[in-house]
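Note: the block below is model.csv and it holds CSV, C-alpha atoms.
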```
chain,number,residue,atom,x,y,z
A,1,MET,CA,-20.3,-193.4,-45.0
A,2,ARG,CA,-22.6,-195.7,-47.1
A,3,SER,CA,-21.1,-197.4,-50.0
A,4,LEU,CA,-22.3,-196.2,-53.3
A,5,ALA,CA,-21.2,-199.2,-55.4
A,6,PRO,CA,-23.5,-202.2,-56.1
A,7,VAL,CA,-22.3,-205.7,-55.3
A,8,PRO,CA,-20.6,-206.8,-58.5
A,9,ALA,CA,-21.6,-210.2,-60.1
A,10,ASP,CA,-18.0,-211.0,-61.0
A,11,GLY,CA,-16.2,-212.8,-58.2
A,12,ASP,CA,-12.9,-210.8,-58.6
A,13,ALA,CA,-14.8,-207.5,-58.8
A,14,ALA,CA,-16.8,-208.4,-55.7
A,15,ARG,CA,-13.7,-209.2,-53.8
A,16,LEU,CA,-12.1,-205.9,-54.9
A,17,ALA,CA,-15.3,-204.0,-53.9
A,18,GLU,CA,-15.2,-205.6,-50.5
A,19,VAL,CA,-11.5,-204.6,-50.0
A,20,VAL,CA,-12.1,-201.0,-51.1
A,21,ALA,CA,-15.2,-200.7,-48.9
A,22,GLY,CA,-13.0,-201.7,-46.0
A,23,LEU,CA,-10.6,-198.8,-46.8
A,24,ARG,CA,-13.4,-196.3,-47.4
A,25,ASP,CA,-13.3,-194.4,-44.1
A,26,GLU,CA,-9.6,-194.2,-44.0
A,27,LEU,CA,-9.3,-192.9,-47.5
A,28,VAL,CA,-11.8,-190.2,-46.8
A,29,GLN,CA,-9.8,-189.1,-43.8
A,30,ILE,CA,-6.6,-189.1,-45.9
A,31,ARG,CA,-8.4,-187.0,-48.6
A,32,ARG,CA,-9.5,-184.5,-45.9
A,33,ASP,CA,-5.9,-184.3,-44.6
A,34,LEU,CA,-4.6,-183.6,-48.0
A,35,HIS,CA,-7.2,-181.0,-48.6
A,36,ALA,CA,-6.3,-179.2,-45.4
A,37,HIS,CA,-2.6,-179.2,-46.3
A,38,PRO,CA,-2.4,-178.3,-50.0
A,39,GLU,CA,0.9,-177.7,-51.7
A,40,LEU,CA,1.7,-175.9,-54.9
A,41,ALA,CA,3.5,-177.4,-57.9
A,42,ARG,CA,6.9,-178.9,-57.2
A,43,THR,CA,6.6,-178.3,-53.5
A,44,GLU,CA,4.4,-181.3,-52.7
A,45,GLU,CA,6.8,-182.7,-50.1
A,46,ARG,CA,4.3,-183.3,-47.3
A,47,THR,CA,1.8,-184.8,-49.7
A,48,THR,CA,4.4,-187.2,-51.1
A,49,ARG,CA,5.4,-188.2,-47.5
A,50,VAL,CA,1.8,-189.0,-46.6
A,51,VAL,CA,1.3,-191.2,-49.6
A,52,ALA,CA,4.7,-192.9,-49.2
A,53,ASP,CA,4.2,-193.6,-45.5
A,54,ARG,CA,0.8,-195.3,-46.2
A,55,LEU,CA,2.3,-197.4,-49.0
A,56,ARG,CA,5.2,-198.5,-46.8
A,57,ALA,CA,2.7,-199.3,-44.0
A,58,ALA,CA,1.1,-201.7,-46.5
A,59,GLY,CA,4.4,-203.4,-47.1
A,60,LEU,CA,5.0,-201.7,-50.4
A,61,HIS,CA,8.2,-200.0,-51.6
A,62,PRO,CA,7.6,-196.5,-53.0
A,63,HIS,CA,10.3,-195.0,-55.2
A,64,LEU,CA,10.7,-191.3,-54.4
A,65,LEU,CA,11.3,-188.8,-57.3
A,66,PRO,CA,13.7,-185.9,-56.9
A,67,GLY,CA,11.9,-183.1,-55.1
A,68,SER,CA,8.4,-184.5,-54.9
A,69,GLY,CA,6.3,-187.2,-56.3
A,70,LEU,CA,6.8,-191.0,-56.4
A,71,TRP,CA,5.9,-194.2,-58.0
A,72,CYS,CA,5.2,-197.6,-56.5
A,73,ASP,CA,4.9,-201.1,-58.2
A,74,ILE,CA,2.5,-203.8,-57.2
A,75,GLY,CA,2.2,-207.4,-58.4
A,76,PRO,CA,4.3,-209.1,-61.1
A,77,THR,CA,7.5,-207.3,-62.2
A,78,VAL,CA,8.3,-206.7,-65.8
A,79,SER,CA,11.5,-208.7,-65.3
A,80,ALA,CA,9.3,-211.8,-64.9
A,81,ARG,CA,8.8,-213.8,-68.1
A,82,GLY,CA,5.9,-212.5,-70.0
A,83,ALA,CA,4.9,-210.0,-67.3
A,84,ARG,CA,3.5,-206.6,-68.3
A,85,ARG,CA,2.7,-203.4,-66.5
A,86,VAL,CA,-0.3,-201.1,-66.3
A,87,ALA,CA,0.0,-197.6,-64.7
A,88,LEU,CA,-2.5,-195.5,-62.7
A,89,ARG,CA,-1.7,-191.8,-62.4
A,90,ALA,CA,-2.6,-189.2,-59.8
A,91,ASP,CA,-1.5,-185.5,-59.6
A,92,LEU,CA,-0.5,-184.1,-56.3
A,93,ASP,CA,-0.5,-180.3,-56.6
A,94,ALA,CA,-3.0,-177.7,-55.5
A,95,LEU,CA,-3.8,-174.3,-57.0
A,96,PRO,CA,-3.0,-170.7,-55.9
A,97,VAL,CA,-6.6,-170.1,-55.0
A,98,ALA,CA,-8.2,-169.2,-51.7
A,99,ASP,CA,-10.3,-172.0,-50.2
A,100,THR,CA,-13.9,-170.8,-49.6
A,101,CYS,CA,-15.5,-174.2,-49.1
A,102,HIS,CA,-16.1,-173.5,-45.3
A,103,LEU,CA,-15.8,-177.1,-44.3
A,104,PRO,CA,-13.9,-178.4,-41.2
A,105,TRP,CA,-11.1,-179.7,-43.5
A,106,ALA,CA,-10.7,-176.4,-45.5
A,107,SER,CA,-7.2,-175.4,-46.5
A,108,GLY,CA,-5.1,-174.2,-43.7
A,109,VAL,CA,-2.6,-172.6,-46.2
A,110,ARG,CA,-3.6,-169.1,-47.1
A,111,GLY,CA,-4.2,-168.6,-50.8
A,112,VAL,CA,-3.7,-172.3,-51.7
A,113,ALA,CA,-6.5,-174.9,-52.2
A,114,HIS,CA,-7.2,-178.2,-53.9
A,115,ALA,CA,-9.7,-176.5,-56.1
A,116,CYS,CA,-9.2,-179.0,-59.0
A,117,GLY,CA,-9.8,-182.2,-57.0
A,118,HIS,CA,-6.2,-183.5,-57.0
A,119,ASP,CA,-6.7,-184.5,-53.4
A,120,VAL,CA,-9.5,-186.9,-54.7
A,121,HIS,CA,-7.3,-188.1,-57.6
A,122,THR,CA,-4.4,-188.8,-55.2
A,123,THR,CA,-6.5,-190.7,-52.7
A,124,ALA,CA,-8.3,-192.7,-55.4
A,125,VAL,CA,-5.0,-193.9,-56.8
A,126,LEU,CA,-3.7,-194.6,-53.3
A,127,GLY,CA,-6.9,-196.6,-52.5
A,128,ALA,CA,-6.7,-198.5,-55.7
A,129,GLY,CA,-3.1,-199.4,-54.9
A,130,LEU,CA,-3.8,-200.5,-51.4
A,131,ALA,CA,-6.7,-202.7,-52.6
A,132,LEU,CA,-4.7,-204.2,-55.4
A,133,ALA,CA,-1.9,-205.0,-53.0
A,134,GLN,CA,-4.4,-207.2,-51.1
A,135,VAL,CA,-5.4,-209.1,-54.2
A,136,ALA,CA,-2.0,-209.0,-55.9
A,137,ASP,CA,-1.8,-212.8,-56.3
A,138,GLY,CA,-4.6,-212.5,-58.8
A,139,LEU,CA,-3.0,-209.8,-61.0
A,140,ALA,CA,-2.2,-210.8,-64.5
A,141,ALA,CA,0.1,-207.7,-64.9
A,142,GLY,CA,2.1,-205.5,-62.7
A,143,VAL,CA,0.6,-202.2,-61.6
A,144,ARG,CA,2.6,-199.0,-61.3
A,145,LEU,CA,1.1,-196.2,-59.2
A,146,LEU,CA,2.3,-192.8,-60.4
A,147,PHE,CA,1.9,-189.9,-58.0
A,148,GLN,CA,3.0,-186.9,-60.2
A,149,PRO,CA,3.9,-183.4,-59.1
A,150,ALA,CA,3.1,-180.2,-60.9
A,151,GLU,CA,0.2,-180.9,-63.2
A,152,GLU,CA,-1.1,-177.3,-62.9
A,153,VAL,CA,2.0,-175.6,-64.3
A,154,GLN,CA,3.9,-175.7,-67.6
A,155,PRO,CA,6.0,-177.6,-68.3
A,156,GLY,CA,4.1,-180.1,-66.3
A,157,GLY,CA,5.4,-182.7,-63.9
A,158,SER,CA,4.5,-185.6,-66.3
A,159,LEU,CA,7.6,-184.7,-68.2
A,160,ASP,CA,9.7,-185.0,-65.0
A,161,VAL,CA,8.1,-188.4,-64.3
A,162,MET,CA,8.9,-189.7,-67.8
A,163,ALA,CA,12.5,-188.4,-67.6
A,164,ALA,CA,13.0,-190.3,-64.3
A,165,GLY,CA,11.8,-193.6,-65.9
A,166,GLY,CA,8.3,-193.6,-64.6
A,167,LEU,CA,6.9,-195.1,-67.8
A,168,ASP,CA,9.6,-197.8,-68.1
A,169,GLY,CA,7.9,-201.1,-68.8
A,170,VAL,CA,4.4,-199.5,-68.8
A,171,GLU,CA,2.1,-200.9,-71.5
A,172,ARG,CA,-1.0,-198.8,-70.7
A,173,ILE,CA,-1.9,-195.9,-68.5
A,174,PHE,CA,-5.1,-194.7,-66.9
A,175,ALA,CA,-6.3,-191.7,-64.8
A,176,VAL,CA,-9.5,-190.0,-63.6
A,177,HIS,CA,-10.3,-186.3,-63.3
A,178,CYS,CA,-13.0,-184.9,-61.1
A,179,ASP,CA,-16.1,-183.6,-62.8
A,180,PRO,CA,-18.6,-181.7,-60.6
A,181,LYS,CA,-21.1,-181.7,-63.5
A,182,LEU,CA,-21.5,-185.5,-63.1
A,183,ASP,CA,-23.3,-187.2,-60.2
A,184,VAL,CA,-21.1,-189.3,-57.9
A,185,GLY,CA,-21.0,-192.9,-59.1
A,186,GLN,CA,-21.1,-191.8,-62.8
A,187,VAL,CA,-18.1,-191.9,-65.1
A,188,GLY,CA,-17.7,-189.8,-68.2
A,189,THR,CA,-15.7,-191.2,-71.2
A,190,ARG,CA,-15.1,-190.6,-74.8
A,191,ILE,CA,-12.9,-192.0,-77.5
A,192,GLY,CA,-10.4,-189.6,-79.0
A,193,PRO,CA,-9.6,-186.1,-77.6
A,194,ILE,CA,-11.2,-185.5,-74.2
A,195,THR,CA,-9.3,-182.3,-73.4
A,196,SER,CA,-7.6,-179.6,-75.5
A,197,ALA,CA,-4.2,-178.3,-76.2
A,198,SER,CA,-3.5,-175.4,-73.9
A,199,ASP,CA,-0.7,-172.8,-74.4
A,200,GLU,CA,0.2,-169.5,-72.8
A,201,VAL,CA,0.5,-166.4,-75.0
A,202,THR,CA,2.1,-163.1,-74.1
A,203,VAL,CA,2.3,-160.2,-76.5
A,204,THR,CA,4.4,-157.2,-75.5
A,205,LEU,CA,4.3,-153.9,-77.5
A,206,THR,CA,6.8,-151.1,-77.1
A,207,GLY,CA,7.1,-147.6,-78.5
A,208,ASP,CA,8.5,-144.2,-77.6
A,209,GLY,CA,5.5,-143.1,-75.5
A,210,GLY,CA,4.0,-139.6,-75.5
A,211,HIS,CA,1.2,-137.3,-74.7
A,212,THR,CA,-2.4,-138.3,-75.4
A,213,SER,CA,-2.9,-134.9,-77.2
A,214,ARG,CA,-0.3,-136.0,-79.8
A,215,PRO,CA,-0.9,-139.7,-80.6
A,216,HIS,CA,0.3,-139.1,-84.2
A,217,LEU,CA,3.8,-138.4,-82.9
A,218,THR,CA,4.3,-141.8,-81.2
A,219,GLY,CA,3.4,-145.5,-81.5
A,220,ASP,CA,0.2,-145.7,-79.6
A,221,VAL,CA,0.8,-148.9,-77.6
A,222,VAL,CA,-2.6,-148.9,-75.9
A,223,PHE,CA,-4.6,-148.5,-79.1
A,224,ALA,CA,-2.4,-151.2,-80.7
A,225,LEU,CA,-3.0,-153.5,-77.8
A,226,GLY,CA,-6.7,-153.0,-78.3
A,227,GLN,CA,-6.4,-154.2,-81.9
A,228,VAL,CA,-4.4,-157.3,-80.8
A,229,ILE,CA,-7.1,-158.1,-78.2
A,230,THR,CA,-10.0,-157.9,-80.7
A,231,GLN,CA,-8.5,-158.8,-84.1
A,232,VAL,CA,-6.0,-161.6,-83.5
A,233,PRO,CA,-8.6,-164.1,-82.2
A,234,ALA,CA,-10.7,-163.2,-85.3
A,235,VAL,CA,-7.8,-163.8,-87.6
A,236,LEU,CA,-7.1,-167.2,-86.1
A,237,GLY,CA,-10.8,-168.1,-86.6
A,238,ARG,CA,-10.3,-167.5,-90.3
A,239,ARG,CA,-6.9,-168.9,-90.8
A,240,LEU,CA,-7.4,-172.2,-89.0
A,241,ASP,CA,-10.0,-174.9,-89.5
A,242,PRO,CA,-13.1,-174.0,-87.4
A,243,ARG,CA,-13.6,-177.7,-86.7
A,244,SER,CA,-10.3,-177.6,-84.7
A,245,GLY,CA,-12.0,-175.4,-82.0
A,246,VAL,CA,-9.2,-172.9,-81.8
A,247,ASN,CA,-9.8,-170.4,-79.0
A,248,LEU,CA,-7.6,-167.5,-78.0
A,249,THR,CA,-8.9,-165.8,-74.8
A,250,TRP,CA,-7.1,-162.9,-73.1
A,251,GLY,CA,-6.8,-163.0,-69.3
A,252,ALA,CA,-4.8,-159.9,-68.5
A,253,VAL,CA,-3.8,-156.6,-70.1
A,254,ARG,CA,-1.3,-154.1,-68.6
A,255,ALA,CA,-0.4,-150.7,-69.9
A,256,GLY,CA,0.1,-147.2,-68.6
A,257,SER,CA,-0.7,-145.4,-65.3
A,258,ALA,CA,-2.0,-142.0,-66.3
A,259,HIS,CA,-5.1,-140.8,-68.2
A,260,ASN,CA,-3.1,-138.4,-70.4
A,261,ALA,CA,0.1,-140.3,-71.1
A,262,ILE,CA,0.6,-142.9,-73.8
A,263,PRO,CA,2.9,-145.5,-72.2
A,264,SER,CA,6.1,-146.8,-73.8
A,265,SER,CA,5.1,-150.5,-73.3
A,266,GLY,CA,2.1,-152.7,-72.7
A,267,THR,CA,1.4,-156.4,-72.4
A,268,VAL,CA,-1.6,-158.7,-73.0
A,269,MET,CA,-1.6,-162.3,-71.8
A,270,GLY,CA,-3.9,-165.2,-72.5
A,271,THR,CA,-4.3,-168.8,-73.4
A,272,LEU,CA,-4.6,-170.4,-76.8
A,273,ARG,CA,-6.6,-173.7,-76.8
A,274,CYS,CA,-7.1,-176.1,-79.7
A,275,LEU,CA,-9.3,-179.2,-79.8
A,276,ASP,CA,-7.3,-180.8,-82.6
A,277,VAL,CA,-3.6,-181.7,-82.2
A,278,ARG,CA,-2.9,-180.9,-85.9
A,279,ALA,CA,-4.3,-177.4,-85.6
A,280,TRP,CA,-2.2,-177.0,-82.4
A,281,GLU,CA,1.0,-177.8,-84.3
A,282,HIS,CA,0.2,-175.2,-86.9
A,283,ALA,CA,-1.2,-172.5,-84.7
A,284,SER,CA,2.0,-171.0,-83.5
A,285,ARG,CA,3.1,-169.8,-86.9
A,286,VAL,CA,-0.3,-168.3,-87.7
A,287,LEU,CA,-0.5,-166.6,-84.3
A,288,GLU,CA,2.8,-164.8,-84.6
A,289,ALA,CA,2.1,-163.6,-88.2
A,290,ALA,CA,-1.3,-162.4,-87.2
A,291,VAL,CA,0.0,-160.3,-84.3
A,292,HIS,CA,2.7,-158.6,-86.5
A,293,ASP,CA,0.2,-158.0,-89.3
A,294,VAL,CA,-2.4,-156.4,-87.0
A,295,VAL,CA,0.0,-153.9,-85.3
A,296,ARG,CA,2.1,-153.1,-88.3
A,297,PRO,CA,0.2,-149.8,-89.1
A,298,PHE,CA,0.8,-148.4,-85.6
A,299,GLY,CA,4.6,-148.1,-85.5
A,300,VAL,CA,5.3,-150.2,-82.4
A,301,GLU,CA,7.8,-153.0,-81.7
A,302,VAL,CA,6.4,-156.5,-81.1
A,303,GLU,CA,7.4,-159.4,-79.0
A,304,VAL,CA,5.3,-162.6,-79.1
A,305,LYS,CA,5.9,-165.3,-76.5
A,306,HIS,CA,4.0,-168.5,-77.3
A,307,ALA,CA,4.8,-171.1,-74.5
A,308,ARG,CA,3.7,-174.5,-75.8
A,309,GLY,CA,1.8,-176.2,-73.1
A,310,VAL,CA,0.2,-179.6,-73.5
A,311,PRO,CA,-1.4,-181.4,-76.4
A,312,PRO,CA,-5.0,-182.8,-76.1
A,313,VAL,CA,-5.5,-185.9,-74.1
A,314,GLU,CA,-6.4,-188.5,-76.8
A,315,ASN,CA,-8.1,-191.5,-75.3
A,316,ARG,CA,-7.4,-194.7,-77.3
A,317,GLU,CA,-10.4,-196.9,-78.2
A,318,GLY,CA,-9.2,-200.1,-76.5
A,319,ALA,CA,-8.1,-198.4,-73.3
A,320,THR,CA,-11.4,-196.5,-73.1
A,321,ALA,CA,-13.3,-199.8,-73.5
A,322,VAL,CA,-11.4,-201.2,-70.5
A,323,LEU,CA,-12.3,-198.1,-68.4
A,324,GLU,CA,-16.0,-198.5,-69.4
A,325,ALA,CA,-16.1,-202.2,-68.7
A,326,ALA,CA,-14.5,-201.6,-65.3
A,327,ALA,CA,-17.1,-198.9,-64.5
A,328,ARG,CA,-20.0,-201.1,-65.4
A,329,ASP,CA,-18.5,-204.0,-63.3
A,330,VAL,CA,-18.1,-202.0,-60.1
A,331,LEU,CA,-20.3,-198.9,-60.3
A,332,GLY,CA,-23.2,-200.4,-62.2
A,333,PRO,CA,-24.4,-200.9,-65.8
A,334,GLU,CA,-25.8,-197.4,-66.0
A,335,SER,CA,-22.7,-195.6,-64.6
A,336,VAL,CA,-21.0,-194.7,-68.0
A,337,ARG,CA,-21.8,-191.4,-69.7
A,338,LEU,CA,-20.5,-190.0,-72.9
A,339,THR,CA,-18.7,-186.8,-72.0
A,340,GLU,CA,-17.9,-183.7,-74.1
A,341,GLN,CA,-14.4,-182.6,-75.1
A,342,SER,CA,-13.2,-179.9,-72.8
A,343,LEU,CA,-11.2,-176.8,-73.7
A,344,GLY,CA,-9.2,-177.4,-70.5
A,345,GLY,CA,-5.6,-178.7,-70.7
A,346,GLU,CA,-4.2,-181.7,-68.9
A,347,ASP,CA,-0.6,-182.9,-68.9
A,348,PHE,CA,-1.7,-186.5,-68.8
A,349,ALA,CA,-1.6,-185.9,-72.5
A,350,TRP,CA,2.2,-186.3,-72.5
A,351,TYR,CA,2.0,-189.8,-71.2
A,352,LEU,CA,-0.4,-190.7,-74.0
A,353,GLN,CA,2.2,-189.5,-76.5
A,354,LYS,CA,4.3,-192.4,-75.4
A,355,VAL,CA,1.9,-195.2,-74.3
A,356,PRO,CA,-1.8,-195.8,-75.0
A,357,GLY,CA,-4.3,-195.2,-72.3
A,358,ALA,CA,-7.4,-193.2,-71.3
A,359,MET,CA,-8.7,-190.7,-68.8
A,360,ALA,CA,-12.2,-190.8,-67.4
A,361,ARG,CA,-14.2,-188.0,-65.8
A,362,LEU,CA,-15.2,-189.0,-62.2
A,363,GLY,CA,-18.5,-187.7,-61.0
A,364,THR,CA,-18.3,-185.7,-57.7
A,365,ARG,CA,-21.7,-184.0,-57.5
A,366,THR,CA,-24.2,-185.1,-54.9
A,367,PRO,CA,-27.4,-186.2,-56.9
A,368,GLY,CA,-29.8,-183.3,-56.7
A,369,GLY,CA,-27.1,-181.1,-55.2
A,370,HIS,CA,-25.3,-177.9,-56.3
A,371,THR,CA,-23.1,-178.0,-59.4
A,372,TYR,CA,-19.7,-176.5,-58.5
A,373,ASP,CA,-16.9,-175.7,-60.9
A,374,ILE,CA,-13.3,-176.7,-60.7
A,375,HIS,CA,-10.6,-174.1,-60.2
A,376,GLN,CA,-13.0,-172.2,-57.9
A,377,GLY,CA,-12.3,-171.9,-54.1
A,378,ASP,CA,-15.8,-173.1,-53.1
A,379,LEU,CA,-15.4,-176.5,-54.8
A,380,ARG,CA,-17.1,-179.2,-52.8
A,381,VAL,CA,-17.1,-182.9,-53.7
A,382,ASP,CA,-19.3,-185.8,-52.6
A,383,GLU,CA,-16.7,-187.8,-50.8
A,384,ARG,CA,-18.2,-191.1,-52.1
A,385,ALA,CA,-16.2,-190.2,-55.2
A,386,VAL,CA,-13.0,-191.3,-53.4
A,387,GLU,CA,-14.3,-194.9,-53.1
A,388,ALA,CA,-15.8,-194.8,-56.6
A,389,GLY,CA,-12.5,-193.6,-58.0
A,390,ALA,CA,-10.4,-196.2,-56.1
A,391,LEU,CA,-12.7,-199.0,-57.2
A,392,LEU,CA,-12.9,-197.9,-60.8
A,393,LEU,CA,-9.1,-197.6,-61.1
A,394,ALA,CA,-8.4,-200.8,-59.3
A,395,ARG,CA,-10.8,-202.8,-61.5
A,396,THR,CA,-9.4,-201.0,-64.6
A,397,ALA,CA,-5.9,-202.2,-63.7
A,398,GLN,CA,-7.2,-205.8,-63.2
A,399,LEU,CA,-9.0,-205.8,-66.6
A,400,ALA,CA,-6.2,-204.1,-68.5
A,401,GLY,CA,-3.8,-206.6,-67.2
A,402,ARG,CA,-5.8,-209.4,-68.7
A,403,SER,CA,-5.8,-207.9,-72.2
A,404,THR,CA,-3.1,-206.6,-74.5
A,405,PRO,CA,-3.4,-203.4,-76.5
A,406,ASP,CA,-4.3,-203.6,-80.2
A,407,PRO,CA,-1.2,-203.2,-82.4
A,408,ALA,CA,-2.6,-199.7,-83.4
A,409,GLU,CA,-2.3,-198.7,-79.7
A,410,ARG,CA,1.3,-199.7,-79.2
A,411,ARG,CA,4.0,-197.4,-77.9
A,412,ARG,CA,4.8,-194.4,-80.1
A,413,GLU,CA,8.4,-194.1,-80.7
```
Step by step, read the file and then write its structure as structure tokens.
Amino acid sequence: MRSLAPVPADGDAARLAEVVAGLRDELVQIRRDLHAHPELARTEERTTRVVADRLRAAGLHPHLLPGSGLWCDIGPTVSARGARRVALRADLDALPVADTCHLPWASGVRGVAHACGHDVHTTAVLGAGLALAQVADGLAAGVRLLFQPAEEVQPGGSLDVMAAGGLDGVERIFAVHCDPKLDVGQVGTRIGPITSASDEVTVTLTGDGGHTSRPHLTGDVVFALGQVITQVPAVLGRRLDPRSGVNLTWGAVRAGSAHNAIPSSGTVMGTLRCLDVRAWEHASRVLEAAVHDVVRPFGVEVEVKHARGVPPVENREGATAVLEAAARDVLGPESVRLTEQSLGGEDFAWYLQKVPGAMARLGTRTPGGHTYDIHQGDLRVDERAVEAGALLLARTAQLAGRSTPDPAERRRE
């Protein structure tokens, strides 16, 4: 596989690019192996073992987390005088989606696929770590590789990693996320929120039930659900600042089983997403009041479950500048693109509640090729993205270790 990265002018970057190029074919094979053997959230035992075994083969000492996941430290330790630590994060889990990519390394697990590119994230961080281990003598700060379970569920595995001490001594943290709308070799960045808050909402209505010929004698659960589906999103749009990008979208509705019977219960489920963290903090109260107000005329009982998910990923300015500088060093001066804020959620956000950092979007589209979408079973990535991700993250760790966060970026207590 041909290298996609130009030869960097900086000597350290050039050496790093040479090392990553030497790992390229192996990393692609590891990525294919992980893609063929996907594991759902908090069951990523084989994936953890594959990563840990390769790190041990490189003379490193991975620290296994309970269940699944691990971290591994490279370079100076924080116990050394003046030493600091930078973290690179990957997520290990796959999705409950059937793989329809029709490639030789397609998922061998029925109904499970790496449809979000976590196999690429994992291999990129592994490659960055293996490369940094070969140039560790030149690291100005220690590097912690975080291989996190359970990004795709709530509560996410980032909370497990932090509870286990994964952020201890970490000064900054970085990650990438596959973006099939960007060509391979390109990197999407932005300062501030790059994803959105994402919550799960379930509204259950109950009544006595009855015959459809006599709706006036019972609470009409189905009709009331219809009002919730159409009116509650509209209420939120008028009660919360429209600049906050609040979006309530329903994904499932369940009620009844006969054309002439009003059921005694019904449920609607969806997601509430917010671009702004302040709106997210306020939305729960507005949502519950809106549901109760909308169904009050219909004589039904109401239960609202609002499962808080993740806040937006908020990239800090200094950390974003480091990512962009690294991209220009090793992927070329034209590699950086301004990216839009997504309504998707990402539990990398919880790390950024504790330490400054940034996430970049990693291009996975073959130039001139088809644009795929994540969370779809037919997702295909240009595998040169593995090398690009490893090189970007390794160079980011080098540069981050040479600078210190601005006081405004320091750890939030």
One decimal, in Å: what's the spacing between atom CA of A:Val153 and atom CA of A:Leu205?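 Computing the Euclidean distance for atom CA of A:Val153 and atom CA of A:Leu205 yields 25.5 Å.
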Residues within 9 Å of A:Leu379, all atoms listed in the file, excluding chain neighbours under 4 positions, as a ChimeraX atom specification: /A:99-101,114-117,180,372-375
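Summary of the local environment: counting all atoms listed in the file, residues at most 8 Å from A:Gly67, other than itself and those fewer than 4 positions away along its chain, are Arg42, Thr43 and Glu45 of chain A.
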Which polymer residues have any atom within 12 Å of an atom of A:Ala358, counting all atoms listed in the file, with same-chain residues fewer than 4 positions away left out, as a ChimeraX atom specification? /A:86-89,172-177,188-195,312-324,348-353,393,396-397,400,409
Could you list, as a list in words, every residue within 12 Å of A:Gly237, counting only C-alpha atoms and ignoring same-chain residues fewer than 6 positions away?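 In the requested form, the answer reads Thr230, Gln231, Arg243, Ser244, Gly245, Val246, Asn247, Leu248, Leu272, Cys274, Ala279, Ala283, Val286, Leu287 and Ala290 of chain A.
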Please list as a ChimeraX atom specification every residue within 9 Å of A:Thr364, counting all atoms listed in the file and excluding residues in the same chain fewer than 5 positions away. /A:178-186,380-386
Between atom CA of A:Pro76 and atom CA of A:Leu139, what distance in Å does the model show, to one decimal?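 Value for the atom CA of A:Pro76-atom CA of A:Leu139 distance: 7.3 Å.
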